[in-house]
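What follows is a set of notes on a single structure, which appears directly below.
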Amino acid sequence: MKRALTTTALLILIATGAAHAAVTDTDGDGVPDSAEPLLHTDPMNADTDGDGLNDLADPAPFFAENPFAASTATAIAPFHIGELLVENNVDPVAHKDAPDHLEIQVVNDGSTDLTGFALYFTLTDADSGVQEGYILHPDITVPAGGDARIHLDDSGLAGHLRANPNSIYVISQAAKHVSVTMGLDGFAPVTATMEKDAGGAEQAD
Ligand SMILES: [Ca+2]
Ligand SMILES: [Ca+2]
Ligand SMILES: [Ca+2]
Ligand SMILES: [Ca+2]
């Protein structure tokens, strides 16, 4: 009798645990939080790669096709990508090292403020060849003759875009090839590339 009770209690515990895991889906995409790292997707983002298909429905949940691939615009864009940092970031206020993340400086070469950018970037792992691709829409205004910086990380800081914490940027120690393309409607897209040294995303010193 005692043995039966213990078994029943265990079954209840297991069932409760399973039910709990099944419903812990923070971003509501149908992929439990506990499974998102296995898929290399973001537990806080229902559409990790930004291609419009949620993580459960997406056959390649961390790869979006290049949205600029079909662009036929030839007009020279009124901006360029200045600094493209993939590591060795600096906190501009504290003047000290900041944790490694993707940081893009957009420089406005024209005489009117610019807004409405689309951003596409890929990360290619130098060892495995695995490639990730993400589409984002940074909510920035780049003032005429000035610049603005886009930060991608999971810091939650104001103005920072969220980056996938289960990306190869974070979990792979291999070197990476990074390509960033930015576009504004009506203009040819602008691309910059950078190599990231071997080593994971570092914490600030
Ligand atoms: Ca989820
Ligand atoms: Ca997700
Ligand atoms: Ca997707
Ligand atoms: Ca996809």
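Each chain in the structure tokens gets a letter, A, B, ..., in the order shown, and its residues are numbered from 1; ligands are numbered from 1 in order too.
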Taking a cut-off of 10 Å and counting only C-alpha atoms and all ligand atoms, can you build a table that, for each residue of chain A near ligand 2, reports the nearest atom pair and how far apart they are in Å (one decimal), sorted by chain then residue number, as a Markdown table?
| residue | atom | partner | partner_atom_place_in_ligand_line | distance |
| --- | --- | --- | --- | --- |
| A:Asp25 | CA | ligand 2 | 1 (Ca) | 8.3 |
| A:Thr26 | CA | ligand 2 | 1 (Ca) | 8.1 |
| A:Asp27 | CA | ligand 2 | 1 (Ca) | 5.9 |
| A:Gly28 | CA | ligand 2 | 1 (Ca) | 7.6 |
| A:Asp29 | CA | ligand 2 | 1 (Ca) | 5.8 |
| A:Gly30 | CA | ligand 2 | 1 (Ca) | 8.0 |
| A:Val31 | CA | ligand 2 | 1 (Ca) | 6.4 |
| A:Pro32 | CA | ligand 2 | 1 (Ca) | 8.2 |
| A:Asp33 | CA | ligand 2 | 1 (Ca) | 7.6 |
| A:Ala35 | CA | ligand 2 | 1 (Ca) | 9.2 |
| A:Glu36 | CA | ligand 2 | 1 (Ca) | 6.2 |
| A:Pro37 | CA | ligand 2 | 1 (Ca) | 9.3 |
| A:Leu39 | CA | ligand 2 | 1 (Ca) | 9.0 |
| A:His40 | CA | ligand 2 | 1 (Ca) | 9.1 |
| A:Thr41 | CA | ligand 2 | 1 (Ca) | 5.5 |
| A:Asp42 | CA | ligand 2 | 1 (Ca) | 4.5 |
| A:Pro43 | CA | ligand 2 | 1 (Ca) | 4.3 |
| A:Met44 | CA | ligand 2 | 1 (Ca) | 5.8 |
| A:Asn45 | CA | ligand 2 | 1 (Ca) | 4.5 |
| A:Ala46 | CA | ligand 2 | 1 (Ca) | 4.0 |
| A:Asp47 | CA | ligand 2 | 1 (Ca) | 6.0 |
| A:Thr48 | CA | ligand 2 | 1 (Ca) | 5.8 |
| A:Asp49 | CA | ligand 2 | 1 (Ca) | 9.5 |
| A:Asn54 | CA | ligand 2 | 1 (Ca) | 7.4 |
| A:Asp55 | CA | ligand 2 | 1 (Ca) | 5.4 |
| A:Leu56 | CA | ligand 2 | 1 (Ca) | 7.9 |
| A:Pro61 | CA | ligand 2 | 1 (Ca) | 8.7 |
| A:Phe62 | CA | ligand 2 | 1 (Ca) | 9.9 |
| A:Asn164 | CA | ligand 2 | 1 (Ca) | 9.2 |
Chain A near ligand 4 within 7 Å: what's each residue's closest atom pair and its distance in Å to one decimal, counting only C-alpha atoms and all ligand atoms, ordered by chain then ascending residue number, as a tab-separated table?
residue	atom	partner	partner_atom_place_in_ligand_line	distance
A:Asp49	CA	ligand 4	1 (Ca)	5.8
A:Asp51	CA	ligand 4	1 (Ca)	5.7
A:Leu53	CA	ligand 4	1 (Ca)	6.5
A:Asp58	CA	ligand 4	1 (Ca)	5.3
A:Pro59	CA	ligand 4	1 (Ca)	6.3
A:Ala60	CA	ligand 4	1 (Ca)	4.3
A:Pro61	CA	ligand 4	1 (Ca)	4.3
A:Phe62	CA	ligand 4	1 (Ca)	5.6
A:Phe63	CA	ligand 4	1 (Ca)	4.4
A:Ala64	CA	ligand 4	1 (Ca)	4.3
Hey, can you spit out that residue selection with N, CA and C atoms as a short mmCIF file (atom, residue, chain, number, x, y, z; two decimals), in the first residue's frame?
data_model
loop_
_atom_site.label_atom_id
_atom_site.label_comp_id
_atom_site.auth_asym_id
_atom_site.auth_seq_id
_atom_site.Cartn_x
_atom_site.Cartn_y
_atom_site.Cartn_z
N ASP A 49 14.20 34.94 -36.34
CA ASP A 49 14.97 35.50 -37.47
C ASP A 49 14.24 36.63 -38.20
N ASP A 51 11.62 36.75 -40.17
CA ASP A 51 11.14 36.57 -41.55
C ASP A 51 9.63 36.42 -41.66
N LEU A 53 7.71 34.11 -40.19
CA LEU A 53 7.25 32.78 -39.79
C LEU A 53 7.66 32.56 -38.34
N ASP A 58 8.55 27.77 -38.76
CA ASP A 58 9.66 28.13 -39.65
C ASP A 58 10.60 26.93 -39.86
N PRO A 59 10.78 26.46 -41.11
CA PRO A 59 11.68 25.32 -41.32
C PRO A 59 13.14 25.67 -41.06
N ALA A 60 13.48 26.94 -41.08
CA ALA A 60 14.84 27.40 -40.76
C ALA A 60 14.68 28.58 -39.79
N PRO A 61 14.45 28.29 -38.51
CA PRO A 61 14.03 29.35 -37.58
C PRO A 61 15.11 30.37 -37.23
N PHE A 62 16.37 30.09 -37.56
CA PHE A 62 17.40 31.12 -37.33
C PHE A 62 18.05 31.55 -38.64
N PHE A 63 17.34 31.34 -39.74
CA PHE A 63 17.84 31.86 -41.01
C PHE A 63 16.71 32.49 -41.82
N ALA A 64 16.82 33.78 -42.04
CA ALA A 64 15.90 34.51 -42.92
C ALA A 64 16.62 34.75 -44.24
#
Do a neighbour search on Ser71 of chain A at 9 Å with only C-alpha atoms, toss out local chain neighbours closer than 6 positions, and write the hits as a CSV table (one decimal) with N, CA and C atoms, in the first residue's frame.
chain,number,residue,atom,x,y,z
A,187,PHE,N,16.5,53.2,-52.5
A,187,PHE,CA,17.9,53.3,-52.6
A,187,PHE,C,18.6,51.9,-52.7
A,188,ALA,N,19.7,51.8,-53.3
A,188,ALA,CA,20.5,50.6,-53.3
A,188,ALA,C,20.9,50.3,-51.9
A,189,PRO,N,20.8,49.0,-51.5
A,189,PRO,CA,21.2,48.6,-50.1
A,189,PRO,C,22.7,48.8,-49.9
Which residues are near Ile140 of chain A? Cut-off 12 Å, only C-alpha atoms, ignore same chain within fewer than 6 positions. Put them as an mmCIF file with C-alpha atoms, in the first residue's frame.
data_model
loop_
_atom_site.group_PDB
_atom_site.id
_atom_site.type_symbol
_atom_site.label_atom_id
_atom_site.label_comp_id
_atom_site.auth_asym_id
_atom_site.auth_seq_id
_atom_site.Cartn_x
_atom_site.Cartn_y
_atom_site.Cartn_z
ATOM 1 C CA ILE A 104 26.565 49.377 -36.295
ATOM 2 C CA GLN A 105 27.280 53.064 -36.830
ATOM 3 C CA VAL A 106 25.056 54.580 -39.507
ATOM 4 C CA VAL A 107 26.329 57.856 -40.958
ATOM 5 C CA ASN A 108 23.943 60.226 -42.735
ATOM 6 C CA ASP A 113 17.074 63.177 -41.319
ATOM 7 C CA LEU A 114 16.766 59.486 -42.211
ATOM 8 C CA THR A 115 14.410 56.920 -40.707
ATOM 9 C CA GLY A 116 12.673 53.694 -41.759
ATOM 10 C CA PHE A 117 15.746 51.493 -42.127
ATOM 11 C CA ALA A 118 15.636 47.743 -42.669
ATOM 12 C CA LEU A 119 18.597 45.683 -41.489
ATOM 13 C CA ASP A 147 25.223 59.467 -37.118
ATOM 14 C CA ALA A 148 23.407 56.920 -34.955
ATOM 15 C CA ARG A 149 24.438 53.568 -33.525
ATOM 16 C CA ILE A 150 22.479 50.328 -33.538
ATOM 17 C CA HIS A 151 23.231 47.825 -30.769
ATOM 18 C CA GLY A 159 17.286 51.523 -27.616
ATOM 19 C CA HIS A 160 19.077 48.171 -27.966
ATOM 20 C CA LEU A 161 17.620 45.612 -30.353
#
Item to complete: Going by DSSP on the backbone, which bits of segment 4-190 of chain A are strand (DSSP E)? Write them as a ChimeraX atom specification, please.
Response: /A:79-85,90-91,96-97,102-108,114-115,118-125,131-136,141-142,147-153,161-162,176-183,190
Write the residues of the preceding selection, restricted to C-alpha atoms, as an mmCIF file, in the first residue's frame.
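Written out: again.cif:
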data_model
loop_
_atom_site.group_PDB
_atom_site.id
_atom_site.type_symbol
_atom_site.label_atom_id
_atom_site.label_comp_id
_atom_site.auth_asym_id
_atom_site.auth_seq_id
_atom_site.Cartn_x
_atom_site.Cartn_y
_atom_site.Cartn_z
ATOM 1 C CA PHE A 79 24.095 57.057 -45.827
ATOM 2 C CA HIS A 80 26.955 54.670 -45.203
ATOM 3 C CA ILE A 81 27.944 52.183 -42.532
ATOM 4 C CA GLY A 82 30.756 53.715 -40.489
ATOM 5 C CA GLU A 83 32.042 51.507 -37.699
ATOM 6 C CA LEU A 84 30.933 47.888 -37.659
ATOM 7 C CA LEU A 85 31.911 46.295 -34.361
ATOM 8 C CA VAL A 90 33.180 50.289 -25.458
ATOM 9 C CA ASP A 91 30.636 51.828 -23.115
ATOM 10 C CA LYS A 96 35.212 51.117 -20.318
ATOM 11 C CA ASP A 97 34.816 47.792 -22.085
ATOM 12 C CA LEU A 102 27.043 43.640 -32.857
ATOM 13 C CA GLU A 103 27.195 47.435 -33.104
ATOM 14 C CA ILE A 104 26.565 49.377 -36.295
ATOM 15 C CA GLN A 105 27.280 53.064 -36.830
ATOM 16 C CA VAL A 106 25.056 54.580 -39.507
ATOM 17 C CA VAL A 107 26.329 57.856 -40.958
ATOM 18 C CA ASN A 108 23.943 60.226 -42.735
ATOM 19 C CA LEU A 114 16.766 59.486 -42.211
ATOM 20 C CA THR A 115 14.410 56.920 -40.707
ATOM 21 C CA ALA A 118 15.636 47.743 -42.669
ATOM 22 C CA LEU A 119 18.597 45.683 -41.489
ATOM 23 C CA TYR A 120 19.742 42.214 -42.528
ATOM 24 C CA PHE A 121 22.759 40.473 -41.111
ATOM 25 C CA THR A 122 24.327 37.059 -41.400
ATOM 26 C CA LEU A 123 26.764 35.217 -39.183
ATOM 27 C CA THR A 124 28.783 32.383 -40.714
ATOM 28 C CA ASP A 125 30.701 30.014 -38.448
ATOM 29 C CA GLN A 131 24.958 30.358 -41.213
ATOM 30 C CA GLU A 132 22.373 32.442 -39.435
ATOM 31 C CA GLY A 133 20.439 35.338 -40.974
ATOM 32 C CA TYR A 134 18.237 37.905 -39.281
ATOM 33 C CA ILE A 135 15.911 40.693 -40.436
ATOM 34 C CA LEU A 136 15.383 43.649 -38.115
ATOM 35 C CA THR A 141 16.500 58.409 -36.792
ATOM 36 C CA VAL A 142 19.876 59.394 -38.192
ATOM 37 C CA ASP A 147 25.223 59.467 -37.118
ATOM 38 C CA ALA A 148 23.407 56.920 -34.955
ATOM 39 C CA ARG A 149 24.438 53.568 -33.525
ATOM 40 C CA ILE A 150 22.479 50.328 -33.538
ATOM 41 C CA HIS A 151 23.231 47.825 -30.769
ATOM 42 C CA LEU A 152 22.117 44.182 -30.846
ATOM 43 C CA ASP A 153 22.308 42.264 -27.583
ATOM 44 C CA LEU A 161 17.620 45.612 -30.353
ATOM 45 C CA ARG A 162 17.272 42.121 -28.971
ATOM 46 C CA LYS A 176 32.725 34.180 -37.613
ATOM 47 C CA HIS A 177 32.206 36.079 -40.834
ATOM 48 C CA VAL A 178 29.692 38.860 -40.263
ATOM 49 C CA SER A 179 27.851 40.647 -43.072
ATOM 50 C CA VAL A 180 25.494 43.569 -42.466
ATOM 51 C CA THR A 181 23.205 45.101 -45.084
ATOM 52 C CA MET A 182 21.052 48.161 -44.497
ATOM 53 C CA GLY A 183 18.425 49.565 -46.765
ATOM 54 C CA VAL A 190 24.558 49.178 -48.358
#
